[in-house]
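Here is protein-v8.cif, consisting of mmCIF, C-alpha atoms:
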data_protein
#
loop_
_atom_site.label_atom_id
_atom_site.label_comp_id
_atom_site.auth_asym_id
_atom_site.auth_seq_id
_atom_site.Cartn_x
_atom_site.Cartn_y
_atom_site.Cartn_z
CA MET V 1 0.00 0.00 0.00
CA ASP V 2 1.43 3.36 -1.07
CA GLU V 3 1.16 6.49 1.06
CA ASP V 4 0.82 9.68 -1.00
CA ARG V 5 0.30 13.37 -0.28
CA PHE V 6 -1.01 16.48 -1.95
CA GLU V 7 -1.59 20.04 -0.80
CA PHE V 8 -5.15 21.26 -0.35
CA GLU V 9 -5.77 24.93 0.41
CA GLY V 10 -2.32 25.17 1.97
CA ILE V 11 -2.76 22.07 4.16
CA PRO V 12 -0.93 18.78 3.51
CA VAL V 13 -3.28 15.85 2.90
CA THR V 14 -2.36 12.17 3.16
CA PHE V 15 -4.07 9.42 1.22
CA TYR V 16 -3.38 5.74 0.65
CA ARG V 17 -3.48 3.92 -2.67
CA THR V 18 -3.56 0.18 -3.26
CA GLY V 19 -4.73 -2.14 -6.03
CA LYS V 20 -3.78 0.15 -8.90
CA GLY V 21 -4.81 -1.46 -12.18
CA ASN V 22 -6.99 -4.09 -10.50
CA GLY V 23 -10.32 -2.46 -11.32
CA PRO V 24 -12.47 0.67 -11.05
CA PRO V 25 -11.50 3.21 -8.35
CA LEU V 26 -13.08 3.24 -4.90
CA VAL V 27 -12.60 6.34 -2.74
CA MET V 28 -12.86 5.70 1.01
CA LEU V 29 -13.67 8.43 3.55
CA HIS V 30 -13.44 7.80 7.30
CA GLY V 31 -15.61 9.01 10.18
CA SER V 32 -14.99 11.62 12.89
CA GLY V 33 -14.55 9.67 16.12
CA PRO V 34 -11.51 9.56 18.43
CA GLY V 35 -8.47 8.53 16.42
CA ALA V 36 -10.44 8.31 13.16
CA SER V 37 -8.32 7.98 10.03
CA SER V 38 -8.17 5.89 6.88
CA ILE V 39 -6.11 3.24 8.68
CA GLY V 40 -8.20 3.49 11.85
CA ASN V 41 -11.49 2.98 10.00
CA TRP V 42 -10.66 0.80 6.99
CA SER V 43 -7.57 -1.32 7.75
CA LYS V 44 -9.52 -4.62 7.79
CA VAL V 45 -11.14 -4.10 4.39
CA MET V 46 -8.78 -2.02 2.23
CA ARG V 47 -6.49 -4.82 1.10
CA PRO V 48 -9.30 -7.33 0.34
CA LEU V 49 -11.11 -4.67 -1.70
CA SER V 50 -7.89 -3.88 -3.57
CA LEU V 51 -7.91 -7.34 -5.17
CA ASP V 52 -10.75 -6.16 -7.42
CA TYR V 53 -10.57 -2.34 -7.24
CA GLU V 54 -8.12 0.49 -7.02
CA VAL V 55 -8.62 1.78 -3.48
CA LEU V 56 -7.85 5.37 -2.49
CA ALA V 57 -8.45 6.23 1.17
CA MET V 58 -7.95 9.82 2.32
CA ASP V 59 -7.42 11.33 5.77
CA LEU V 60 -9.60 14.40 6.19
CA VAL V 61 -7.97 17.64 7.33
CA GLY V 62 -7.53 17.43 11.10
CA PHE V 63 -7.48 13.61 11.12
CA GLY V 64 -4.92 10.86 10.64
CA LYS V 65 -1.73 11.97 8.93
CA SER V 66 -3.30 14.96 7.17
CA GLY V 67 -2.48 18.43 8.47
CA ARG V 68 -4.59 20.45 10.87
CA LYS V 69 -6.29 23.75 10.18
CA PRO V 70 -4.15 26.62 11.45
CA GLN V 71 -7.18 28.65 12.56
CA PRO V 72 -10.66 27.74 13.87
CA PRO V 73 -13.32 26.66 13.19
CA PHE V 74 -11.71 23.23 13.22
CA PHE V 75 -15.05 21.57 12.52
CA ASP V 76 -15.28 22.67 8.89
CA TYR V 77 -17.84 20.62 6.99
CA ASP V 78 -17.57 22.73 3.83
CA LEU V 79 -13.78 22.40 3.78
CA TRP V 80 -14.05 18.60 4.06
CA LEU V 81 -16.58 18.57 1.23
CA ARG V 82 -14.21 20.59 -0.96
CA GLN V 83 -11.39 18.26 0.03
CA ALA V 84 -13.36 15.23 -1.18
CA GLY V 85 -13.92 16.97 -4.49
CA ALA V 86 -10.21 17.79 -4.70
CA LEU V 87 -9.34 14.09 -4.41
CA LEU V 88 -11.67 13.33 -7.34
CA ASP V 89 -9.89 16.07 -9.30
CA LEU V 90 -6.56 14.48 -8.46
CA ILE V 91 -7.71 11.04 -9.58
CA GLY V 92 -8.88 12.54 -12.85
CA LEU V 93 -11.41 9.82 -13.73
CA GLU V 94 -15.02 10.21 -14.83
CA LYS V 95 -16.48 7.37 -12.77
CA VAL V 96 -15.66 6.39 -9.17
CA GLY V 97 -17.33 4.54 -6.35
CA VAL V 98 -17.32 6.03 -2.85
CA ILE V 99 -17.33 4.22 0.49
CA ALA V 100 -17.89 6.54 3.45
CA HIS V 101 -18.50 6.21 7.17
CA SER V 102 -20.53 8.25 9.66
CA LEU V 103 -19.99 12.01 9.12
CA SER V 104 -18.36 11.26 5.77
CA GLY V 105 -21.51 9.43 4.72
CA SER V 106 -23.15 12.85 4.65
CA LEU V 107 -20.17 14.31 2.76
CA ALA V 108 -20.43 11.54 0.17
CA LEU V 109 -24.15 12.12 -0.32
CA ARG V 110 -23.65 15.86 -0.79
CA LEU V 111 -20.84 15.20 -3.23
CA ALA V 112 -23.05 12.81 -5.21
CA ALA V 113 -25.83 15.39 -5.36
CA SER V 114 -23.61 17.76 -7.35
CA ASP V 115 -20.83 15.67 -8.93
CA SER V 116 -21.59 13.20 -11.72
CA ARG V 117 -18.19 11.52 -11.25
CA VAL V 118 -19.65 9.72 -8.22
CA ALA V 119 -21.23 6.62 -9.77
CA ALA V 120 -22.25 4.65 -6.67
CA LEU V 121 -22.03 5.01 -2.88
CA MET V 122 -21.74 2.55 -0.01
CA LEU V 123 -22.26 4.14 3.40
CA THR V 124 -21.79 2.72 6.90
CA GLY V 125 -23.38 4.24 10.01
CA ALA V 126 -24.14 7.30 7.90
CA MET V 127 -25.13 10.72 9.11
CA GLY V 128 -27.34 12.82 6.84
CA LYS V 129 -30.59 13.30 8.79
CA ARG V 130 -31.24 15.04 12.08
CA PHE V 131 -31.30 12.96 15.27
CA ASP V 132 -30.99 13.55 19.00
CA ALA V 133 -27.48 13.27 20.40
CA THR V 134 -26.95 10.64 23.12
CA ALA V 135 -24.19 10.04 25.63
CA ALA V 136 -22.57 7.77 23.03
CA THR V 137 -22.67 10.57 20.45
CA ARG V 138 -21.05 13.01 22.86
CA SER V 139 -18.31 10.56 23.83
CA THR V 140 -17.50 10.10 20.13
CA TRP V 141 -16.71 13.82 19.89
CA LYS V 142 -14.54 14.12 23.01
CA CYS V 143 -10.91 13.10 22.77
CA PRO V 144 -9.63 10.48 25.26
CA ARG V 145 -6.48 11.35 27.18
CA ASN V 146 -5.31 7.77 27.78
CA ARG V 147 -5.98 4.19 26.69
CA GLU V 148 -8.57 3.58 29.42
CA GLU V 149 -10.64 6.55 28.25
CA LEU V 150 -10.22 5.45 24.64
CA VAL V 151 -11.51 1.95 25.36
CA CYS V 152 -14.45 3.43 27.27
CA ALA V 153 -15.36 5.70 24.33
CA LEU V 154 -15.01 2.90 21.78
CA SER V 155 -17.12 0.53 23.86
CA ARG V 156 -20.08 2.85 23.28
CA LEU V 157 -19.60 2.48 19.51
CA ILE V 158 -18.78 -1.22 19.19
CA HIS V 159 -21.17 -4.02 20.11
CA ASP V 160 -18.64 -6.86 20.15
CA GLN V 161 -15.97 -5.72 22.60
CA SER V 162 -13.48 -8.29 21.28
CA VAL V 163 -13.01 -5.99 18.28
CA ILE V 164 -11.22 -3.51 20.56
CA ASP V 165 -7.95 -5.44 20.45
CA GLU V 166 -4.34 -4.33 20.36
CA ALA V 167 -4.34 -3.86 16.59
CA TYR V 168 -7.48 -1.69 16.73
CA LEU V 169 -6.09 0.50 19.51
CA SER V 170 -2.65 0.74 17.92
CA ALA V 171 -4.19 2.15 14.73
CA ARG V 172 -5.87 4.97 16.65
CA GLU V 173 -3.50 5.86 19.46
CA PRO V 174 -0.80 7.55 17.31
CA VAL V 175 -3.45 9.99 16.09
CA ILE V 176 -5.06 10.66 19.46
CA PHE V 177 -1.84 10.99 21.43
CA ALA V 178 0.04 13.12 18.92
CA PRO V 179 1.25 16.37 20.53
CA GLY V 180 -1.58 18.86 20.91
CA TYR V 181 -4.12 16.72 19.09
CA ALA V 182 -6.49 16.12 22.01
CA ASP V 183 -6.97 19.86 22.54
CA TYR V 184 -7.40 20.38 18.77
CA PHE V 185 -10.03 17.62 18.58
CA ASP V 186 -11.95 18.93 21.59
CA ARG V 187 -11.99 22.42 20.07
CA MET V 188 -13.23 20.89 16.81
CA PHE V 189 -16.29 19.48 18.56
CA ALA V 190 -16.78 22.11 21.26
CA GLY V 191 -20.37 23.15 21.82
CA ASP V 192 -23.75 21.55 21.25
CA PRO V 193 -23.57 18.28 19.23
CA ALA V 194 -26.85 19.30 17.59
CA ALA V 195 -24.91 21.86 15.55
CA PHE V 196 -22.69 19.17 13.99
CA ILE V 197 -25.67 16.90 13.35
CA ALA V 198 -27.49 19.78 11.66
CA ALA V 199 -24.45 20.64 9.50
CA ALA V 200 -24.45 17.08 8.16
CA ALA V 201 -28.22 16.89 7.52
CA LEU V 202 -29.38 16.99 3.90
CA ASP V 203 -32.70 18.56 3.00
CA ASP V 204 -35.28 16.87 0.80
CA GLU V 205 -34.23 18.79 -2.30
CA GLU V 206 -30.61 17.68 -1.96
CA ILE V 207 -31.61 14.05 -1.47
CA ALA V 208 -33.85 14.21 -4.55
CA ARG V 209 -30.82 15.20 -6.65
CA ILE V 210 -28.99 11.98 -5.75
CA ARG V 211 -29.81 9.60 -8.59
CA GLN V 212 -26.89 7.22 -8.07
CA PRO V 213 -27.25 3.78 -6.44
CA VAL V 214 -26.65 4.02 -2.68
CA LEU V 215 -26.15 1.06 -0.35
CA LEU V 216 -26.53 1.89 3.35
CA LEU V 217 -25.24 -0.44 6.08
CA HIS V 218 -26.14 0.28 9.68
CA GLY V 219 -25.77 -1.63 12.94
CA ARG V 220 -29.03 -2.14 14.83
CA GLU V 221 -27.23 -1.60 18.14
CA ASP V 222 -25.70 1.75 17.15
CA GLN V 223 -26.30 3.96 20.20
CA GLY V 224 -24.54 7.10 19.03
CA PHE V 225 -25.71 7.37 15.43
CA PRO V 226 -29.09 5.67 15.19
CA ALA V 227 -30.14 3.30 12.43
CA SER V 228 -33.23 5.47 11.93
CA THR V 229 -30.97 7.84 9.97
CA SER V 230 -30.11 5.23 7.34
CA ILE V 231 -33.71 4.00 7.29
CA ALA V 232 -34.97 7.51 6.54
CA LEU V 233 -32.32 8.07 3.86
CA ALA V 234 -33.06 4.75 2.16
CA GLU V 235 -36.75 5.62 1.99
CA GLN V 236 -36.00 8.93 0.26
CA LEU V 237 -33.17 7.96 -2.08
CA SER V 238 -34.46 6.95 -5.49
CA GLN V 239 -31.92 4.10 -5.72
CA GLY V 240 -31.37 3.46 -2.02
CA GLU V 241 -30.76 0.00 -0.58
CA LEU V 242 -30.53 -0.74 3.14
CA SER V 243 -29.00 -3.53 5.20
CA LEU V 244 -29.55 -3.49 8.98
CA LEU V 245 -27.00 -5.66 10.77
CA ARG V 246 -27.74 -7.47 14.02
CA ASN V 247 -25.16 -7.61 16.82
CA CYS V 248 -23.42 -4.62 15.31
CA SER V 249 -23.03 -1.03 16.43
CA HIS V 250 -21.23 1.85 14.67
CA SER V 251 -18.00 0.30 13.36
CA VAL V 252 -19.44 -1.91 10.62
CA ALA V 253 -16.17 -2.43 8.72
CA PHE V 254 -14.56 -3.87 11.88
CA GLU V 255 -17.50 -5.56 13.56
CA ARG V 256 -18.86 -7.23 10.43
CA SER V 257 -15.96 -7.09 7.99
CA ASP V 258 -16.91 -10.29 6.13
CA THR V 259 -20.45 -9.01 5.60
CA PHE V 260 -19.10 -5.58 4.60
CA LEU V 261 -16.83 -7.13 1.96
CA ALA V 262 -19.48 -9.46 0.59
CA LEU V 263 -21.98 -6.63 0.20
CA ALA V 264 -19.34 -4.30 -1.27
CA ARG V 265 -18.33 -6.85 -3.90
CA ASP V 266 -21.94 -7.48 -4.86
CA PHE V 267 -22.94 -3.81 -4.90
CA PHE V 268 -19.95 -2.41 -6.80
CA GLY V 269 -19.92 -5.45 -9.06
CA ARG V 270 -23.40 -4.42 -10.17
CA THR V 271 -22.93 -0.65 -10.19
CA LEU V 272 -19.31 -0.15 -11.32
CA ARG V 273 -18.43 -3.36 -13.12
CA GLY V 274 -21.86 -4.10 -14.56
CA ASN V 275 -21.72 -7.73 -13.42
#
What would the structure in this file look like if it were written as structure tokens?
Amino acid sequence: MDEDRFEFEGIPVTFYRTGKGNGPPLVMLHGSGPGASSIGNWSKVMRPLSLDYEVLAMDLVGFGKSGRKPQPPFFDYDLWLRQAGALLDLIGLEKVGVIAHSLSGSLALRLAASDSRVAALMLTGAMGKRFDATAATRSTWKCPRNREELVCALSRLIHDQSVIDEAYLSAREPVIFAPGYADYFDRMFAGDPAAFIAAAALDDEEIARIRQPVLLLHGREDQGFPASTSIALAEQLSQGELSLLRNCSHSVAFERSDTFLALARDFFGRTLRGN
């Protein structure tokens, strides 16, 4: 897997590329929880997907190995949306699939509503409709200061606690415990969580503009980002499909990686490969 960089609005951005030449491109966008990054969210599924697709996974500004904003607001939904478009510009292809998680599920939907290069979307634990924040939502947007706090926060997002193993923690801790990052993250999500939920909510007109196939995966036990969001989106999207997963919370790609991969291969086989 190659690690590449480009500059976006004066900020260095890191993205990972694997499977070049193996098939149509899939862009992967991670969520916004503690230690979120391309590696933190997608490490169990990137290489298997790269057997049949070219996979490009990008760290959003303020996450992973990408740079941080020099000035607030550090929660900058519009900047992240522009950043996603910039990656499509960099790829330079007319047809891509997008896999996105949580907050980035909303980014992917908004991108699809205005960019014909997005041919199909697969979303996990997606935001995109308004919902009431819970204790699990709030803990997602507060940075842990040590491993014990990190495990506690993750346990609210993962149904099967065995997923929170050494490999899972080791992928997130370098991000969380980087110098100054905890304060940066807490400033990013300072204030009422309702404001961040509202920023990610699409209105009916935007949803109506999304004509691409969309597959939504959501864990039934997701306490922080309720499955009702994906249910509502699937009902409105003209080509929406929905899979609700039992014994699964927010981290679908880790908790149900075999199911994730099977559904991804079927969905993108139909929508990108025409199988």
Find the spatial neighbours of V:Thr137, counting only C-alpha atoms, within a cut-off of 10 Å - ignore same-chain residues fewer than 4 positions away - and output them as a compact mmCIF listing (two decimals) with C-alpha atoms, in the frame of the given file.
# COMPACT_ATOMS: atom_id res chain seq x y z
CA GLY V 33 -14.55 9.67 16.12
CA ASP V 132 -30.99 13.55 19.00
CA ALA V 133 -27.48 13.27 20.40
CA TRP V 141 -16.71 13.82 19.89
CA LYS V 142 -14.54 14.12 23.01
CA ALA V 153 -15.36 5.70 24.33
CA ARG V 156 -20.08 2.85 23.28
CA LEU V 157 -19.60 2.48 19.51
CA PRO V 193 -23.57 18.28 19.23
CA ILE V 197 -25.67 16.90 13.35
CA ASP V 222 -25.70 1.75 17.15
CA GLN V 223 -26.30 3.96 20.20
CA GLY V 224 -24.54 7.10 19.03
CA PHE V 225 -25.71 7.37 15.43
CA PRO V 226 -29.09 5.67 15.19
Quick one: pull the distance between atom CA of V:Ala182 and atom CA of V:Ile39, Å, one decimal.
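Pair atom CA of V:Ala182 / atom CA of V:Ile39 returns 18.5 Å.
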Please provide as an NGL selection string all residues within 9 Å of stretch 253-263 of chain V, with the sequence filter that same-chain residues fewer than 2 positions apart are discarded (counting only C-alpha atoms).
:V and (41-45 or 48-49 or 124 or 158-160 or 163 or 168 or 215 or 217 or 245 or 247-251 or 265-268)
Among listed residues V:Val214, V:Ala264, V:Leu150, V:Met188, nearest V:Lys69 (using all atoms listed in the file):
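Of V:Val214, V:Ala264, V:Leu150, V:Met188, the one nearest V:Lys69 is V:Met188, counting all atoms listed in the file.
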Name the closest residue to V:Val175 among the candidates V:Lys65, V:Arg220, V:Arg273, V:Arg246; distances are taken between atoms, counting only C-alpha atoms.
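Going through V:Lys65, V:Arg220, V:Arg273, V:Arg246 one by one, the smallest distance to V:Val175 is for V:Lys65.
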Neighbour residues at most 12 Å from (-3.0, 1.0, 20.0) (only C-alpha atoms) as a ChimeraX atom specification:
/V:35,39-40,146-148,150-151,164-177
For atom CA of V:Asp115 and atom CA of V:Asp204, the interatomic separation in Å (one decimal)
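That distance, rounded to one decimal, is 17.5 Å.
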Which residues fall under the PyMOL selection byres ((chain V and resi 80) around 12) in this file, as JSON, numbers by chain?
{"V": [8, 9, 11, 13, 29, 30, 31, 32, 58, 59, 60, 61, 62, 63, 66, 68, 69, 74, 75, 76, 77, 78, 79, 81, 82, 83, 84, 85, 86, 87, 103, 104, 105, 106, 107, 108, 110, 111, 199, 200]}
Resolved residues for the PyMOL selection byres ((chain V and resi 244) around 6) as an MDAnalysis selection string:
chainID V and resid 218:219 243 245
Among listed residues V:Leu109, V:Tyr184, V:Arg270, V:Arg130, nearest V:Leu216 (using all atoms listed in the file)
V:Leu109
So, counting all atoms listed in the file, which residue among V:Pro72, V:Gly128, V:Pro34, V:Pro24 is closest to V:Glu94?
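Ranking V:Pro72, V:Gly128, V:Pro34, V:Pro24 by distance to V:Glu94, first place goes to V:Pro24.
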Residue nearest V:Arg145 - candidates V:Gly92, V:Gly180, V:Gly240, V:Gly125, atoms counted: only C-alpha atoms:
V:Gly180
Expected selection from the PyMOL selection byres ((chain V and resi 17) around 12), given as a VMD selection string:
chain V and resid 1 to 5 14 to 16 18 to 22 25 to 28 38 to 39 46 to 47 49 to 50 53 to 59 87 91
